[in-house]
Amino acid sequence: MKIDFVAADAPVGAAAAVAVVAFEDGQFSSAAEALDLQLGGVLRRAVAGSRFKGTLGQTLDLIAVQGLDAARLVLVGAGKKDAWGERNAELSAAHAFNAVKTSGCDSLVIRLGDVAAEAAAAAAFGVTLAAYRFDRYRTTEKPEKKPSVAKVLVAVEGPKPASKAFKPLSGLADSIILARDLVSEPANVLYPEEFARRVKKLTDLGLEVEILGEKEMKKLGMGSLLGVGQGSVRESQLAIIQWKGAKDASAQPVAFVGKGVCFDTGGISLKPADGMEEMITDMGGAAAVTGVMRALASRKAKVNAVGILGLVENMPDGNAQRPGDVVTSMSGQTIEVINTDAEGRLVLADAVWYCQQRFKPKFLIDLATLTGAIIVGLGKDYGGLYANDDTLADNLLAASKATDETLWRMPLPPAYEKQIDSNVADVKNTGGRPGGSITAALFIQRFVKDTVWAHLDIAGPVWKSSSTSPIAPNGATGFGVRLLDKLVADFYEG
Ligand code: BES
Ligand code: MN
Ligand code: ZN
């Protein structure tokens with residue numbers, strides 16, 4: 001999406017749509033007021049003849065308005081006037097875009113008038129996220145089905161400062177979009193080595209990237225991760241991404257570890273056919289980690305950060321691991337593989353251990369599309385948050401509140417440990433149906449050693465088929481990128 005800032009009264013094209021903001025208490029924004037005056041009160045009359053109340057996201061669409069230099073006029077609700085700020089600017093702009101994106105108009109001009117630069121930037125951010133579409137593989141879509149709006153102009157009194165305020169947000173939006181693209185890519189295109197290649201490209205932004213292959217991981221003793229990829233013709237990879245932005249180059253880094261199962265068939269414990277295609281999203285944790293590392297680099301965050309991706313494909317095959325196999329993890333702990341479909345925790349066991357051994361991070365947060373059980377418990381909108389440290393958990397919840405990437409804290413009850421005790425090995429990889437997401441988290445915790453740690457089970461929010469958010473179209477959401485960027489910005493920089 002092409003997006004730009006122009007002067008408040010900039011002329012618009014004849015095929016454009018113009019949007020202005022109104023508030024819940026019947027008050028127009030100054031831009032809406034001015035336009036209404038110029039058009040002889042048509043906006044007020046339109047509101048009077050409709051159910052438009054100005055609630056956040058409500059839109060009123062006027063076509064062929066006499067005296068208007070554009071094809072269409074959209075009045076968009078921004079909620080209570082005293083609640084106006086960056087958040088509602090972002091959401092109302094996204095709603096305005098969604099209302100006209102397939103209208104036939106070629107552009108959208110959002111007239112904001114005399115708002116703060118940050119609010120104008122937030123509006124542009126909202127539109128950028130709302131306009132996301134993964135259409136790389138559509139070759140025959142009819143033009144009239146495609147979005148028509150190809151350009152958005154935010155018209156404000158100070159376009160220069162607005163444009164400056166948008167810089168860091170634009171970097172964040174591109175990082176969220178990178179995560180969405182990675183999640184959307186099918187598994188025949190995005191397998192571990194291809195994922196690693198895409199990560200390598202991020203060195204352009206100043207990130208350092210190392211890739212380990214199976215030989216190196218074998219030397220490190222990563223029998224748990226390697227067991228998962230054993231049935232795949234695609235080579236497993238471990239990607240290590242570093243951002244060194246702290247003044248003190250030797251400052252302890254913050255660390256993110258992502259589950260990157262490029263496709264999860266379940267392995268020998270094969271999943272049912274119905275819906276299995278959704279398992280192209282099983283690298284959503286790794287995508288979020290990639291996105292947040294990109295975001296930190298793009299705004300030159302004053303922090304040292306490490307991102308680790310465990311990249312594998314879980315396939316059934318003559319060489320695949322079997323239920324009953326016992327593998328030895330890098331930590332030395334042995335694992336009885338009860339169900340080859342509980343593979344994410346096997347990948348994380350080694351990736352999390354490696355991260356602690358090598359980097360001794362200030363904290364470690366792992367992200368994973370780990371269990372169906374968390375969707376049963378929390379639905380599609382919440383990530384499950386597990387943590388061994390209340391400060392980290394509270395900081396995550398605060399960042400969650402600020403970004404609307406919702407988390408719900410879950411318990412780590414010691415009493416449930418016995419569900420994952422094995423009779424033949426140190427631990428087993430499933431704990432039965434009760435508390436399935438909790439026992440998965442407890443499993444990962446067995447590979448956490450004196451490290452401040454949190455685990456986000458993001459199986460729900462990674463992908464939406466009936467999204468309720470104006471800034472997240474159906475499909476990949478990029479969940480986690482904005483949340484963790486905010487976490488670092490608010491609590492761990494400087
Ligand atoms: N990748 C799945 C979890 C998942 C399910 C993600 C639905 C997104 C949507 C994970 O690897 C898995 O298969 N988990 C099993 C664990 C079970 C075998 C203990 C599950 O949740 O059923
Ligand atoms: Mn699985
Ligand atoms: Zn999985």
# chains A, B, ... in the order shown; residues from 1 in each chain; ligands from 1
call {"tool": "closest_atom_pairs", "arguments": {"of": "chain A", "to": "ligand 3", "cutoff": "9 Å", "atoms": "only C-alpha atoms and all ligand atoms", "output": "CSV"}}
result
residue,atom,partner,partner_atom_place_in_ligand_line,distance
A:Lys259,CA,ligand 3,1 (Zn),8.3
A:Gly260,CA,ligand 3,1 (Zn),8.7
A:Val261,CA,ligand 3,1 (Zn),6.2
A:Cys262,CA,ligand 3,1 (Zn),8.9
A:Phe263,CA,ligand 3,1 (Zn),7.7
A:Asp264,CA,ligand 3,1 (Zn),5.2
A:Thr265,CA,ligand 3,1 (Zn),8.1
A:Gly266,CA,ligand 3,1 (Zn),7.1
A:Met279,CA,ligand 3,1 (Zn),7.2
A:Thr281,CA,ligand 3,1 (Zn),8.9
A:Asp282,CA,ligand 3,1 (Zn),5.5
A:Met283,CA,ligand 3,1 (Zn),8.2
A:Asn314,CA,ligand 3,1 (Zn),8.0
A:Asp341,CA,ligand 3,1 (Zn),6.5
A:Ala342,CA,ligand 3,1 (Zn),6.5
A:Glu343,CA,ligand 3,1 (Zn),5.8
A:Gly344,CA,ligand 3,1 (Zn),5.1
A:Arg345,CA,ligand 3,1 (Zn),8.5
A:Ala368,CA,ligand 3,1 (Zn),8.3
A:Thr369,CA,ligand 3,1 (Zn),6.4
A:Leu370,CA,ligand 3,1 (Zn),5.8
A:Thr371,CA,ligand 3,1 (Zn),7.3
A:Ala459,CA,ligand 3,1 (Zn),8.9
call {"tool": "residues_around", "arguments": {"residues": "Ala402 of chain A", "least_positions_apart": "6", "cutoff": "12 Å", "atoms": "only C-alpha atoms", "output": "ChimeraX atom specification"}}
result
/A:86-87,395-396,482-487,489-490
call {"tool": "residues_around", "arguments": {"residues": "Gly432 of chain A", "least_positions_apart": "4", "cutoff": "12 Å", "atoms": "only C-alpha atoms", "output": "list in words"}}
result
Ile338, Asn339, Ala342, Ala373, Tyr416, Glu417, Lys418, Gln419, Ile420, Asp421, Lys428, Gly436, Ser437, Ile438, Thr439 and Ala440 of chain A
call {"tool": "atom_distance", "arguments": {"atom1": "atom CA of Asn304 of chain A", "atom2": "atom CA of Phe359 of chain A"}}
result
10.7 Å
call {"tool": "select_by_dssp", "arguments": {"residues": "segment 175-207 of chain A", "states": "helix (DSSP H, G or I)", "output": "number ranges by chain"}}
result
A: 175-184, 192-205
call {"tool": "select_by_dssp", "arguments": {"residues": "segment 114-334 of chain A", "states": "strand (DSSP E or B)", "output": "count of residues only"}}
result
45
call {"tool": "residues_around", "arguments": {"residues": "segment 234-242 of chain A", "least_positions_apart": "5", "cutoff": "8 Å", "atoms": "only C-alpha atoms", "output": "compact mmCIF listing (two decimals) with C-alpha atoms, in the first residue's frame"}}
result
# COMPACT_ATOMS: atom_id res chain seq x y z
CA TYR A 191 10.63 -25.18 4.21
CA PRO A 192 13.41 -24.83 6.81
CA GLU A 193 16.22 -23.90 4.41
CA ALA A 196 16.66 -19.57 6.81
CA VAL A 199 16.14 -14.64 7.56
CA LEU A 207 21.11 -7.98 12.08
CA GLU A 208 23.67 -10.76 12.42
CA VAL A 209 22.42 -14.14 11.25
CA GLU A 210 23.95 -17.59 11.68
CA ILE A 211 22.44 -20.80 10.37
CA LEU A 212 23.21 -24.23 11.79
CA GLY A 213 22.44 -27.35 9.75
CA GLU A 214 21.87 -30.90 10.90
CA MET A 217 23.16 -29.59 15.58
CA LEU A 226 16.61 -33.50 15.14
CA GLY A 229 12.88 -33.46 11.37
CA MET A 293 14.04 -8.90 15.52
CA ASN A 304 20.90 -6.37 22.75
CA ALA A 305 18.51 -9.04 21.51
CA VAL A 306 18.76 -12.62 20.31
CA GLY A 307 16.21 -14.52 18.24
CA ILE A 308 16.46 -18.28 17.83
CA LEU A 309 14.34 -20.26 15.39
CA GLY A 310 14.00 -24.03 15.48
CA LEU A 311 13.10 -24.85 11.88
CA VAL A 312 11.88 -28.35 11.01
CA GLU A 313 9.24 -30.22 9.07
CA ALA A 351 16.39 -24.38 21.03
call {"tool": "closest_residue", "arguments": {"among": "A:Ser269, A:Asn474, A:Ser466, A:Thr451", "to": "ligand 2", "atoms": "only C-alpha atoms and all ligand atoms"}}
result
A:Ser269
call {"tool": "closest_atom_pairs", "arguments": {"of": "segment 162-216 of chain A", "to": "segment 115-130 of chain A", "cutoff": "9 Å", "atoms": "only C-alpha atoms", "output": "JSON lines"}}
result
{"residue": "A:Ala162", "atom": "CA", "partner": "A:Ala117", "partner_atom": "CA", "distance": 4.2}
{"residue": "A:Ser163", "atom": "CA", "partner": "A:Ala121", "partner_atom": "CA", "distance": 6.8}
{"residue": "A:Lys164", "atom": "CA", "partner": "A:Ala121", "partner_atom": "CA", "distance": 8.3}
{"residue": "A:Ala165", "atom": "CA", "partner": "A:Ala121", "partner_atom": "CA", "distance": 5.7}
{"residue": "A:Phe166", "atom": "CA", "partner": "A:Ala121", "partner_atom": "CA", "distance": 4.6}
{"residue": "A:Lys167", "atom": "CA", "partner": "A:Ala121", "partner_atom": "CA", "distance": 8.4}
{"residue": "A:Leu169", "atom": "CA", "partner": "A:Phe125", "partner_atom": "CA", "distance": 6.3}
{"residue": "A:Ser170", "atom": "CA", "partner": "A:Phe125", "partner_atom": "CA", "distance": 6.6}
{"residue": "A:Leu172", "atom": "CA", "partner": "A:Phe125", "partner_atom": "CA", "distance": 8.8}
{"residue": "A:Ala173", "atom": "CA", "partner": "A:Leu129", "partner_atom": "CA", "distance": 6.5}
{"residue": "A:Asp174", "atom": "CA", "partner": "A:Thr128", "partner_atom": "CA", "distance": 8.7}
{"residue": "A:Ile176", "atom": "CA", "partner": "A:Leu129", "partner_atom": "CA", "distance": 8.1}
{"residue": "A:Ile177", "atom": "CA", "partner": "A:Leu129", "partner_atom": "CA", "distance": 7.6}
call {"tool": "residues_around", "arguments": {"residues": "Ala46 of chain A", "least_positions_apart": "2", "cutoff": "12 Å", "atoms": "only C-alpha atoms", "output": "MDAnalysis selection string"}}
result
chainID A and resid 36 39:44 48:53 59:63 65 73:75
call {"tool": "residues_around", "arguments": {"residues": "segment 109-112 of chain A", "least_positions_apart": "6", "cutoff": "6 Å", "atoms": "only C-alpha atoms", "output": "ChimeraX atom specification"}}
result
/A:18-20,31,152-156
call {"tool": "residues_around", "arguments": {"residues": "Asp181 of chain A", "least_positions_apart": "5", "cutoff": "9 Å", "atoms": "only C-alpha atoms", "output": "VMD selection string"}}
result
chain A and resid 134 176 287 476 478
call {"tool": "closest_residue", "arguments": {"among": "A:Val376, A:Ala415, A:Val254, A:Ala425", "to": "ligand 1", "atoms": "only C-alpha atoms and all ligand atoms"}}
result
A:Val376
